[in-house]
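Raw contents of start33.txt, compact mmCIF, C-alpha atoms:
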```txt
# COMPACT_ATOMS: atom_id res chain seq x y z
CA MET A 1 -150.06 -70.98 121.37
CA THR A 2 -150.07 -71.80 117.66
CA THR A 3 -147.47 -70.74 115.13
CA THR A 4 -147.23 -71.35 111.42
CA ALA A 5 -144.37 -72.28 109.12
CA PRO A 6 -144.76 -70.86 105.61
CA GLY A 7 -145.59 -73.12 102.69
CA THR A 8 -145.46 -72.95 98.92
CA ALA A 9 -148.02 -73.36 96.17
CA ASP A 10 -147.34 -77.11 96.15
CA THR A 11 -146.69 -77.61 99.87
CA PRO A 12 -149.17 -76.18 102.39
CA GLU A 13 -147.88 -74.42 105.47
CA VAL A 14 -147.39 -76.35 108.71
CA HIS A 15 -149.45 -75.20 111.69
CA PHE A 16 -147.65 -75.84 114.98
CA TRP A 17 -150.47 -76.88 117.28
CA ALA A 18 -149.68 -76.48 120.98
CA VAL A 19 -152.98 -77.97 122.12
CA PRO A 20 -154.45 -75.85 124.97
CA ASP A 21 -156.13 -77.14 128.12
CA LEU A 22 -159.63 -75.84 127.47
CA THR A 23 -162.44 -75.35 129.95
CA GLY A 24 -166.00 -76.48 129.76
CA LEU A 25 -167.45 -76.74 126.29
CA ASP A 26 -165.00 -74.29 124.67
CA PHE A 27 -164.15 -75.32 121.12
CA ASP A 28 -160.45 -75.38 120.18
CA PRO A 29 -159.89 -72.11 118.26
CA MET A 30 -157.25 -73.77 116.09
CA LEU A 31 -159.72 -76.42 114.92
CA ALA A 32 -162.40 -73.82 114.23
CA LYS A 33 -159.96 -71.71 112.22
CA LEU A 34 -158.76 -74.65 110.10
CA LEU A 35 -162.29 -75.90 109.41
CA HIS A 36 -163.24 -72.56 107.89
CA GLU A 37 -159.94 -71.38 106.41
CA ASP A 38 -157.65 -74.36 105.70
CA PRO A 39 -159.69 -77.60 105.83
CA VAL A 40 -156.97 -79.93 104.46
CA THR A 41 -153.65 -78.79 105.87
CA ARG A 42 -150.50 -79.88 107.71
CA VAL A 43 -150.02 -79.74 111.49
CA ARG A 44 -147.37 -80.54 114.02
CA LEU A 45 -148.40 -81.70 117.51
CA PRO A 46 -146.41 -81.66 120.78
CA HIS A 47 -144.92 -85.18 120.52
CA GLY A 48 -143.48 -87.37 117.77
CA GLU A 49 -141.70 -86.28 114.64
CA GLY A 50 -142.44 -84.37 111.47
CA HIS A 51 -145.86 -83.18 110.40
CA ALA A 52 -149.19 -84.78 109.54
CA TRP A 53 -152.16 -83.80 107.41
CA LEU A 54 -155.31 -82.74 109.22
CA VAL A 55 -158.70 -83.13 107.51
CA THR A 56 -161.55 -81.18 109.09
CA ARG A 57 -164.63 -81.01 106.80
CA TYR A 58 -167.42 -83.52 107.26
CA GLU A 59 -167.37 -85.15 103.82
CA ASP A 60 -163.56 -85.24 103.70
CA VAL A 61 -163.44 -86.80 107.18
CA LYS A 62 -165.86 -89.53 106.11
CA PHE A 63 -163.88 -90.12 102.92
CA VAL A 64 -160.57 -90.63 104.73
CA SER A 65 -162.26 -92.79 107.38
CA VAL A 66 -163.48 -95.37 104.86
CA ASP A 67 -161.02 -95.25 101.96
CA PRO A 68 -158.73 -98.32 102.11
CA ARG A 69 -155.80 -96.26 100.82
CA PHE A 70 -155.49 -94.81 104.33
CA SER A 71 -154.00 -97.44 106.64
CA ARG A 72 -153.98 -97.64 110.43
CA GLN A 73 -151.71 -100.67 110.43
CA ALA A 74 -148.96 -98.71 108.66
CA VAL A 75 -148.84 -96.27 111.62
CA TRP A 76 -147.26 -98.77 114.00
CA GLY A 77 -143.53 -98.30 114.52
CA ARG A 78 -143.48 -94.73 113.18
CA SER A 79 -142.91 -91.75 115.49
CA ILE A 80 -145.75 -89.71 114.02
CA THR A 81 -146.49 -86.28 115.45
CA ARG A 82 -149.22 -86.69 118.09
CA LEU A 83 -150.69 -85.24 121.28
CA ALA A 84 -149.66 -87.99 123.71
CA PRO A 85 -146.07 -89.08 124.35
CA HIS A 86 -147.15 -92.68 123.69
CA PHE A 87 -149.64 -94.73 121.68
CA ILE A 88 -152.77 -95.67 123.63
CA PRO A 89 -153.67 -99.03 121.94
CA MET A 90 -151.34 -102.00 122.32
CA GLU A 91 -149.41 -103.23 119.30
CA GLY A 92 -151.65 -105.43 117.17
CA ALA A 93 -154.83 -104.05 118.76
CA VAL A 94 -157.93 -103.40 116.68
CA GLY A 95 -157.19 -99.66 116.67
CA PHE A 96 -154.13 -100.32 114.53
CA ALA A 97 -155.72 -102.97 112.30
CA ASP A 98 -156.96 -102.75 108.72
CA PRO A 99 -159.49 -105.04 107.01
CA PRO A 100 -159.63 -108.02 106.81
CA ASP A 101 -157.88 -108.38 110.22
CA HIS A 102 -159.90 -105.51 111.62
CA THR A 103 -163.16 -107.05 110.35
CA ARG A 104 -162.28 -110.39 111.94
CA MET A 105 -161.59 -108.78 115.34
CA ARG A 106 -164.67 -106.55 115.24
CA ARG A 107 -166.91 -109.53 114.46
CA VAL A 108 -165.86 -111.18 117.72
CA VAL A 109 -166.56 -108.05 119.77
CA ALA A 110 -169.99 -107.61 118.15
CA ARG A 111 -171.17 -110.80 119.89
CA ALA A 112 -170.92 -109.00 123.24
CA PHE A 113 -173.11 -106.14 121.94
CA SER A 114 -176.01 -108.21 120.60
CA ALA A 115 -179.57 -106.93 121.00
CA ARG A 116 -180.16 -109.48 123.77
CA ALA A 117 -177.00 -108.47 125.60
CA LEU A 118 -177.86 -104.77 125.34
CA ARG A 119 -181.36 -105.36 126.77
CA SER A 120 -179.81 -107.11 129.74
CA LEU A 121 -177.20 -104.38 130.13
CA ARG A 122 -179.90 -101.66 130.06
CA ASP A 123 -181.70 -103.33 132.99
CA HIS A 124 -178.40 -103.69 134.85
CA ALA A 125 -177.49 -100.07 134.09
CA GLN A 126 -180.71 -98.80 135.66
CA ASP A 127 -180.09 -100.91 138.77
CA VAL A 128 -176.52 -99.60 139.06
CA MET A 129 -177.67 -95.99 138.58
CA ASP A 130 -180.44 -96.35 141.17
CA GLY A 131 -177.92 -97.69 143.68
CA LEU A 132 -175.49 -94.83 143.05
CA LEU A 133 -178.23 -92.22 143.44
CA ASP A 134 -179.42 -93.92 146.64
CA ARG A 135 -175.94 -93.56 148.14
CA MET A 136 -175.68 -89.97 146.92
CA ALA A 137 -178.99 -89.12 148.62
CA GLU A 138 -177.90 -90.85 151.86
CA ARG A 139 -174.68 -88.82 152.02
CA GLY A 140 -176.55 -85.60 151.33
CA ALA A 141 -175.69 -82.38 149.55
CA PRO A 142 -173.34 -81.13 148.32
CA ALA A 143 -171.90 -84.01 146.27
CA ASP A 144 -169.26 -84.42 143.61
CA LEU A 145 -171.03 -86.01 140.65
CA MET A 146 -167.73 -87.25 139.22
CA GLU A 147 -167.09 -89.25 142.37
CA SER A 148 -170.69 -90.25 143.04
CA VAL A 149 -172.01 -91.04 139.55
CA ASN A 150 -169.99 -90.23 136.44
CA ARG A 151 -166.88 -92.19 137.41
CA PRO A 152 -168.39 -95.33 139.01
CA PHE A 153 -171.33 -95.76 136.60
CA PRO A 154 -169.52 -96.38 133.29
CA LEU A 155 -166.73 -98.23 135.11
CA ALA A 156 -169.30 -100.62 136.56
CA MET A 157 -170.99 -101.07 133.19
CA VAL A 158 -167.91 -101.81 131.08
CA SER A 159 -166.54 -104.04 133.85
CA GLU A 160 -169.80 -106.00 133.89
CA LEU A 161 -169.63 -106.29 130.10
CA MET A 162 -166.02 -107.45 130.33
CA GLY A 163 -166.39 -109.77 133.32
CA VAL A 164 -164.04 -107.83 135.63
CA PRO A 165 -164.91 -108.60 139.29
CA GLU A 166 -166.06 -105.65 141.40
CA ALA A 167 -163.01 -105.89 143.68
CA ASP A 168 -160.69 -105.27 140.71
CA ARG A 169 -162.47 -102.19 139.37
CA PRO A 170 -160.37 -99.64 141.31
CA LEU A 171 -157.31 -101.16 139.60
CA MET A 172 -159.01 -100.70 136.22
CA ALA A 173 -159.74 -97.05 137.05
CA ARG A 174 -156.13 -96.33 138.07
CA TRP A 175 -154.61 -98.02 135.03
CA SER A 176 -157.04 -96.37 132.63
CA ASP A 177 -156.44 -92.89 134.06
CA THR A 178 -152.69 -93.30 133.66
CA ILE A 179 -152.82 -94.74 130.15
CA ILE A 180 -155.24 -92.16 128.77
CA SER A 181 -153.43 -89.12 130.18
CA ALA A 182 -151.12 -87.13 127.97
CA GLY A 183 -149.51 -85.70 131.11
CA ALA A 184 -148.61 -88.89 133.00
CA GLY A 185 -145.56 -89.48 130.83
CA ARG A 186 -144.54 -92.32 128.55
CA GLU A 187 -142.93 -94.51 131.21
CA ALA A 188 -145.91 -94.47 133.61
CA SER A 189 -148.38 -94.97 130.77
CA GLU A 190 -146.47 -97.89 129.24
CA ARG A 191 -146.09 -99.53 132.66
CA ALA A 192 -149.83 -99.22 133.31
CA LYS A 193 -150.59 -100.63 129.87
CA ALA A 194 -148.30 -103.62 130.52
CA GLU A 195 -149.91 -104.28 133.91
CA MET A 196 -153.41 -104.03 132.45
CA GLY A 197 -152.40 -106.33 129.60
CA ALA A 198 -151.05 -108.91 132.06
CA TYR A 199 -154.31 -108.73 134.03
CA PHE A 200 -156.43 -109.39 130.95
CA THR A 201 -154.11 -112.17 129.78
CA GLU A 202 -154.87 -113.93 133.06
CA LEU A 203 -158.61 -113.07 133.02
CA VAL A 204 -159.17 -114.23 129.42
CA GLY A 205 -157.27 -117.44 130.20
CA ARG A 206 -159.42 -118.03 133.29
CA ARG A 207 -162.68 -117.54 131.35
CA ARG A 208 -162.00 -120.25 128.75
CA GLY A 209 -164.87 -122.69 128.40
CA THR A 210 -167.21 -120.84 130.78
CA ASP A 211 -170.00 -120.40 128.18
CA SER A 212 -170.63 -116.80 129.24
CA ASP A 213 -171.76 -113.74 127.25
CA GLN A 214 -169.24 -111.57 129.10
CA LEU A 215 -166.58 -110.25 126.76
CA ALA A 216 -163.63 -111.93 128.48
CA ALA A 217 -165.30 -115.30 127.88
CA VAL A 218 -166.22 -114.38 124.29
CA LEU A 219 -162.59 -113.41 123.65
CA ALA A 220 -161.38 -116.63 125.29
CA ASP A 221 -163.61 -118.69 123.01
CA ALA A 222 -162.28 -116.80 119.98
CA VAL A 223 -158.71 -117.62 121.04
CA ASP A 224 -159.63 -121.28 121.48
CA ASP A 225 -161.19 -121.58 118.03
CA GLY A 226 -158.32 -119.73 116.36
CA THR A 227 -160.28 -116.60 115.38
CA LEU A 228 -158.03 -114.41 117.53
CA THR A 229 -154.53 -114.70 118.89
CA GLU A 230 -154.13 -114.21 122.62
CA HIS A 231 -152.32 -110.93 121.93
CA GLU A 232 -155.24 -109.66 119.83
CA ALA A 233 -157.77 -110.68 122.48
CA VAL A 234 -155.88 -108.87 125.22
CA GLY A 235 -155.46 -105.76 123.05
CA LEU A 236 -159.22 -105.68 122.43
CA ALA A 237 -159.97 -106.11 126.13
CA VAL A 238 -157.64 -103.26 127.14
CA LEU A 239 -159.03 -100.87 124.50
CA ILE A 240 -162.69 -101.55 125.32
CA GLN A 241 -162.15 -101.37 129.09
CA ILE A 242 -160.37 -98.01 128.82
CA GLY A 243 -162.76 -96.52 126.27
CA GLY A 244 -165.90 -97.75 127.98
CA ALA A 245 -164.95 -96.34 131.37
CA HIS A 246 -163.02 -93.21 130.50
CA ALA A 247 -164.81 -91.82 127.44
CA VAL A 248 -168.33 -92.28 128.82
CA ARG A 249 -167.29 -90.88 132.22
CA ASN A 250 -166.15 -87.62 130.68
CA ASN A 251 -168.77 -87.39 127.95
CA SER A 252 -171.62 -87.96 130.40
CA ALA A 253 -170.13 -85.39 132.80
CA ASN A 254 -169.91 -82.89 129.95
CA MET A 255 -173.56 -83.60 129.12
CA VAL A 256 -174.60 -82.92 132.72
CA TYR A 257 -172.51 -79.74 132.76
CA ALA A 258 -174.08 -78.62 129.47
CA LEU A 259 -177.57 -79.02 130.90
CA LEU A 260 -176.67 -77.34 134.20
CA THR A 261 -175.42 -74.32 132.26
CA HIS A 262 -178.25 -74.32 129.68
CA PRO A 263 -181.30 -74.08 131.97
CA GLU A 264 -183.77 -73.67 129.10
CA HIS A 265 -182.58 -76.97 127.57
CA LEU A 266 -182.79 -78.70 130.94
CA ALA A 267 -186.31 -77.40 131.52
CA ARG A 268 -187.31 -78.70 128.09
CA LEU A 269 -185.99 -82.19 128.82
CA ARG A 270 -187.69 -82.31 132.19
CA ALA A 271 -190.98 -81.34 130.56
CA GLU A 272 -190.51 -83.71 127.59
CA PRO A 273 -188.49 -86.75 128.78
CA GLU A 274 -189.27 -88.52 125.51
CA LEU A 275 -186.75 -86.12 123.91
CA ILE A 276 -183.83 -87.59 125.84
CA PRO A 277 -182.53 -89.95 123.10
CA GLN A 278 -182.59 -87.10 120.57
CA ALA A 279 -180.99 -84.75 123.10
CA VAL A 280 -178.20 -87.24 123.80
CA ASP A 281 -177.40 -87.37 120.08
CA GLU A 282 -177.29 -83.57 119.88
CA LEU A 283 -175.09 -83.38 122.97
CA LEU A 284 -172.76 -85.95 121.40
CA ARG A 285 -172.50 -83.75 118.31
CA TYR A 286 -172.09 -80.50 120.20
CA ILE A 287 -169.64 -81.39 122.99
CA PRO A 288 -165.93 -81.24 122.06
CA HIS A 289 -165.19 -84.47 123.88
CA ARG A 290 -161.46 -84.75 123.25
CA ASN A 291 -158.35 -82.65 122.89
CA ALA A 292 -156.71 -82.47 119.44
CA VAL A 293 -157.16 -85.70 117.43
CA GLY A 294 -156.99 -89.47 117.93
CA LEU A 295 -155.06 -92.05 115.92
CA SER A 296 -153.68 -91.18 112.50
CA ARG A 297 -153.64 -93.15 109.25
CA ILE A 298 -150.98 -93.45 106.54
CA ALA A 299 -151.69 -92.76 102.87
CA THR A 300 -150.51 -95.89 101.03
CA GLU A 301 -150.57 -94.04 97.69
CA ASP A 302 -151.11 -90.50 96.48
CA VAL A 303 -154.72 -89.54 97.27
CA GLU A 304 -156.62 -86.32 96.59
CA VAL A 305 -158.70 -85.12 99.55
CA GLY A 306 -160.78 -81.97 99.26
CA GLY A 307 -158.81 -80.86 96.21
CA VAL A 308 -155.43 -81.35 97.95
CA ARG A 309 -152.97 -84.11 96.99
CA ILE A 310 -151.74 -86.09 99.98
CA PRO A 311 -148.53 -87.95 99.02
CA ALA A 312 -148.03 -91.66 99.65
CA GLY A 313 -146.44 -92.31 103.03
CA ASP A 314 -147.76 -89.18 104.73
CA PRO A 315 -149.71 -89.49 108.01
CA VAL A 316 -153.27 -88.13 108.04
CA TYR A 317 -155.55 -87.19 110.93
CA VAL A 318 -159.28 -86.61 110.77
CA SER A 319 -161.17 -84.41 113.24
CA TYR A 320 -164.59 -85.74 114.15
CA LEU A 321 -165.05 -82.63 116.30
CA THR A 322 -164.85 -80.27 113.33
CA ALA A 323 -166.91 -82.61 111.16
CA ASN A 324 -169.67 -82.24 113.77
CA ARG A 325 -169.43 -78.43 113.43
CA ASP A 326 -169.39 -78.30 109.62
CA PRO A 327 -171.97 -75.68 108.55
CA GLU A 328 -172.41 -77.48 105.21
CA VAL A 329 -174.05 -80.33 107.15
CA PHE A 330 -175.36 -78.82 110.39
CA ALA A 331 -177.33 -75.57 110.39
CA GLU A 332 -176.05 -73.18 113.08
CA PRO A 333 -173.55 -75.80 114.28
CA GLU A 334 -172.42 -73.75 117.30
CA ARG A 335 -175.95 -73.87 118.72
CA LEU A 336 -177.17 -76.67 120.99
CA ASP A 337 -180.48 -77.60 119.37
CA PHE A 338 -182.65 -80.44 120.70
CA ASP A 339 -185.01 -79.98 117.74
CA ARG A 340 -182.29 -80.76 115.20
CA GLY A 341 -184.07 -83.16 112.88
CA HIS A 342 -181.14 -84.22 110.70
CA ASN A 343 -178.16 -85.12 112.89
CA PRO A 344 -175.73 -87.52 111.18
CA HIS A 345 -172.96 -86.76 113.68
CA VAL A 346 -169.71 -88.70 113.79
CA ALA A 347 -169.04 -88.49 117.53
CA PHE A 348 -168.44 -92.26 117.59
CA GLY A 349 -166.28 -92.17 114.48
CA HIS A 350 -167.07 -93.43 111.01
CA GLY A 351 -166.28 -96.43 108.85
CA PRO A 352 -164.44 -99.56 109.99
CA HIS A 353 -163.24 -97.95 113.24
CA TYR A 354 -166.70 -96.79 114.35
CA CYS A 355 -166.91 -97.29 118.13
CA PRO A 356 -168.18 -100.83 118.86
CA GLY A 357 -169.60 -99.69 122.21
CA SER A 358 -171.68 -96.80 120.85
CA ALA A 359 -175.03 -98.43 121.65
CA LEU A 360 -174.00 -99.07 125.26
CA ALA A 361 -172.64 -95.52 125.59
CA ARG A 362 -175.99 -94.13 124.41
CA ILE A 363 -177.88 -96.34 126.87
CA GLU A 364 -175.70 -95.15 129.76
CA SER A 365 -176.08 -91.48 128.82
CA GLU A 366 -179.84 -91.76 128.44
CA ILE A 367 -180.26 -93.50 131.79
CA LEU A 368 -177.98 -91.03 133.54
CA LEU A 369 -179.80 -87.95 132.21
CA ALA A 370 -183.25 -89.45 132.79
CA SER A 371 -182.48 -90.62 136.33
CA LEU A 372 -180.52 -87.71 137.72
CA TRP A 373 -183.22 -85.05 137.56
CA THR A 374 -186.04 -87.49 138.27
CA ARG A 375 -184.34 -88.26 141.57
CA PHE A 376 -183.05 -84.73 142.25
CA PRO A 377 -185.44 -82.26 140.54
CA LYS A 378 -183.60 -79.22 141.93
CA LEU A 379 -180.09 -80.43 141.05
CA ARG A 380 -177.76 -77.51 140.34
CA LEU A 381 -174.11 -76.52 140.53
CA ALA A 382 -172.86 -76.05 144.10
CA VAL A 383 -170.14 -73.59 143.07
CA PRO A 384 -169.98 -70.74 140.55
CA GLU A 385 -169.40 -72.01 137.03
CA GLU A 386 -166.02 -70.25 136.82
CA ALA A 387 -164.82 -72.14 139.94
CA LEU A 388 -165.04 -75.57 138.26
CA ARG A 389 -161.71 -77.30 137.56
CA TRP A 390 -161.12 -79.05 134.24
CA GLN A 391 -158.67 -81.87 133.55
CA ARG A 392 -155.25 -80.82 132.30
CA GLY A 393 -152.99 -82.80 130.02
CA ALA A 394 -155.89 -85.09 129.11
CA LEU A 395 -156.75 -86.75 125.82
CA ILE A 396 -160.47 -86.91 126.66
CA ARG A 397 -161.91 -83.68 128.04
CA GLY A 398 -163.98 -83.41 131.19
CA PRO A 399 -164.27 -81.80 134.62
CA GLU A 400 -162.01 -82.88 137.49
CA THR A 401 -164.93 -82.46 139.87
CA LEU A 402 -168.57 -81.55 139.37
CA PRO A 403 -169.94 -80.23 142.71
CA VAL A 404 -173.74 -80.17 142.86
CA THR A 405 -176.46 -79.56 145.40
CA TRP A 406 -180.23 -80.04 145.39
```

If you took the structure in this file and wrote it as structure tokens, what would it be?
Amino acid sequence: MTTTAPGTADTPEVHFWAVPDLTGLDFDPMLAKLLHEDPVTRVRLPHGEGHAWLVTRYEDVKFVSVDPRFSRQAVWGRSITRLAPHFIPMEGAVGFADPPDHTRMRRVVARAFSARALRSLRDHAQDVMDGLLDRMAERGAPADLMESVNRPFPLAMVSELMGVPEADRPLMARWSDTIISAGAGREASERAKAEMGAYFTELVGRRRGTDSDQLAAVLADAVDDGTLTEHEAVGLAVLIQIGGAHAVRNNSANMVYALLTHPEHLARLRAEPELIPQAVDELLRYIPHRNAVGLSRIATEDVEVGGVRIPAGDPVYVSYLTANRDPEVFAEPERLDFDRGHNPHVAFGHGPHYCPGSALARIESEILLASLWTRFPKLRLAVPEEALRWQRGALIRGPETLPVTW
């Protein structure tokens, strides 16, 4: 349910946004309405205090994402209106940093995503995927893809990148699920975050001087040479572990669901596998991968956005989902189009906070889509589409289960 408080000529109305639990690939009707009717406006979300500005058009979203007058660091300590009852990143983490601190932290992380490292990770990803599909075939149909593939695959990949031992990966999954849920409650989420932080404090400390390309060792070296504090290193580890496992799990499941329910697109990919990288980009643009919005920024001075003056001190959200559906940039944006030639989507964000793991996420999605139907050419849903269950109270959208047969 969404209600609206009236505004004046100088003060736009406030839209009270009770974010719905949506199914499948349904686009939030509130976001669609604001993109077309009120692209720079004020909203109030279920948690926190007051209102925030919401920017929805593509060019305005990019502007706010890069303009230094909008600060992430200034968010910390303020009870800004938001979807979750708690902040996901730890205090001092890269998500709440501005340049030059943000640039310094990102430069360390980039070492773990070098071209050489990504080549090695691609080979490892294919081996992991082949093993998961072997076990799925051994167990036989029907199978839950979330359990068999979409959950363990990205968890294994980000854990390999990080240096988390295989025996500890179930712990990572449990902590991440609790932290990223809007429905788990503040206390449970903060406890999970503290436990995960303590784990990475110990892991980073243990990896000092090991001369490894794994991210825990890279972070340990950065602490030793004074580039990062221990607190910053742990915050980076927590954020990357959660994002790498949780976001890719749900996004890749949504991609599989999209293909299972768009048989003509699936047939096209099976006939033209060379289209997979382009198809992954279009699926990233098309799929509404999250509920509501992510982290806000604070205007440090009065700034005009899309012809609207945002006063200094006000919080501002951008919606990458609506930016990816802006008809000024994408022709027929509501259509899934694997022939879309110009696709400058912002599914991984834009500007300084662009997702550092985007290249790995693309690799994982490409391997998953290429491998799944090569191994199981007749893969299809095992239940009627309307019987699928979708996560509730989640920040990142995705199916609870994805039953398939072949």

Give me, as a VMD selection string, all polymer residues having an atom no more than 7 Å from segment 138-148 of chain A, counting all atoms listed in the file and skipping those fewer than 5 positions away in the same chain. chain A and resid 132 382 401 to 406

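For the pair atom CA of Gly95 of chain A and atom CA of Leu295 of chain A, the interatomic distance is 7.9 Å.
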
Taking (-175.6, -81.9, 123.0) in the file's own coordinates, collect the residues within 10 Å, counting all atoms listed in the file, and hand them back as a PyMOL selection string. chain A and resi 254-256+258-259+265+278-288+335-338

Under the rule of at most 6 Å, produce a per-residue listing of segment 247-358 of chain A near segment 45-64 of chain A: chain, number, name, the closest pair of atoms, and the distance in Å, as JSON lines, using all atoms listed in the file.
```
{"residue": "A:Pro315", "atom": "CA", "partner": "A:Ala52", "partner_atom": "CA", "distance": 5.0}
{"residue": "A:Val316", "atom": "CA", "partner": "A:Trp53", "partner_atom": "CA", "distance": 4.5}
{"residue": "A:Tyr317", "atom": "CA", "partner": "A:Leu54", "partner_atom": "CA", "distance": 4.8}
{"residue": "A:Val318", "atom": "CA", "partner": "A:Val55", "partner_atom": "CA", "distance": 4.8}
{"residue": "A:Ser319", "atom": "CA", "partner": "A:Thr56", "partner_atom": "CA", "distance": 5.3}
{"residue": "A:Thr322", "atom": "CA", "partner": "A:Thr56", "partner_atom": "CA", "distance": 5.4}
{"residue": "A:Ala323", "atom": "CA", "partner": "A:Tyr58", "partner_atom": "CA", "distance": 4.0}
```

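Remark: for Gly349 of chain A, the closest of the candidate residues A:Leu31, A:Met196, A:Ala110, A:Gly294 is A:Gly294 (distances computed over all atoms listed in the file).
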
Restrict the calculation to all atoms listed in the file, then for each residue of segment 177-295 of chain A with any atom at most 12 Å from an atom of segment 98-102 of chain A give the closest atom pair and their distance in Å to one decimal, rows by chain and rising residue number, as JSON lines.
```
{"residue": "A:Thr227", "atom": "CA", "partner": "A:Asp101", "partner_atom": "CA", "distance": 10.0}
{"residue": "A:Leu228", "atom": "CA", "partner": "A:Asp101", "partner_atom": "CA", "distance": 9.5}
{"residue": "A:Thr229", "atom": "CA", "partner": "A:Asp101", "partner_atom": "CA", "distance": 11.2}
{"residue": "A:Glu232", "atom": "CA", "partner": "A:Asp101", "partner_atom": "CA", "distance": 10.0}
{"residue": "A:Leu236", "atom": "CA", "partner": "A:His102", "partner_atom": "CA", "distance": 10.8}
```

Shell around segment 211-218 of chain A at 10 Å using all atoms listed in the file, local window under 5 positions removed, as a VMD selection string: chain A and resid 108 to 114 117 158 to 164 200 to 201 203 to 206 223 to 224 233 to 234 236 to 237 240

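Atom CA of Thr374 of chain A lies 11.9 Å from atom CA of Met129 of chain A.
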
Have a look at atom CA of Glu166 of chain A and atom CA of Tyr257 of chain A and let me know their distance in Å, one decimal.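 Separation between atom CA of Glu166 of chain A and atom CA of Tyr257 of chain A: 28.1 Å.
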
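For the residues A:Cys355, A:Ala247, A:Leu25, A:Leu269, ranking by smallest atom-to-atom distance to Glu334 of chain A using only C-alpha atoms places A:Leu25 first.
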
Just need the box for segment 310-315 of chain A, edges along x, y and z, holding every atom the file lists for it with 8 Å tacked onto each side, so centre and edge lengths in Å to one decimal, as AutoDock Vina command-line options.
```
--center_x -149.1 --center_y -89.2 --center_z 103.5 --size_x 21.3 --size_y 22.2 --size_z 25.0
```

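If you measure from each of A:Arg151, A:Arg122, A:Arg362, A:His345 to His246 of chain A using all atoms listed in the file, the closest one turns out to be A:Arg151.
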
Name the residues, using the chain letters and numbers of the file, that sit within 9 Å of (-154.6, -105.6, 138.0) when counting only C-alpha atoms, and give them as a PyMOL selection string. chain A and resi 168-172+175+195-200

Contacts of Ile298 of chain A within 7 Å, all atoms listed in the file, excl. fewer than 4 positions in-chain, as a count of residues only: 9
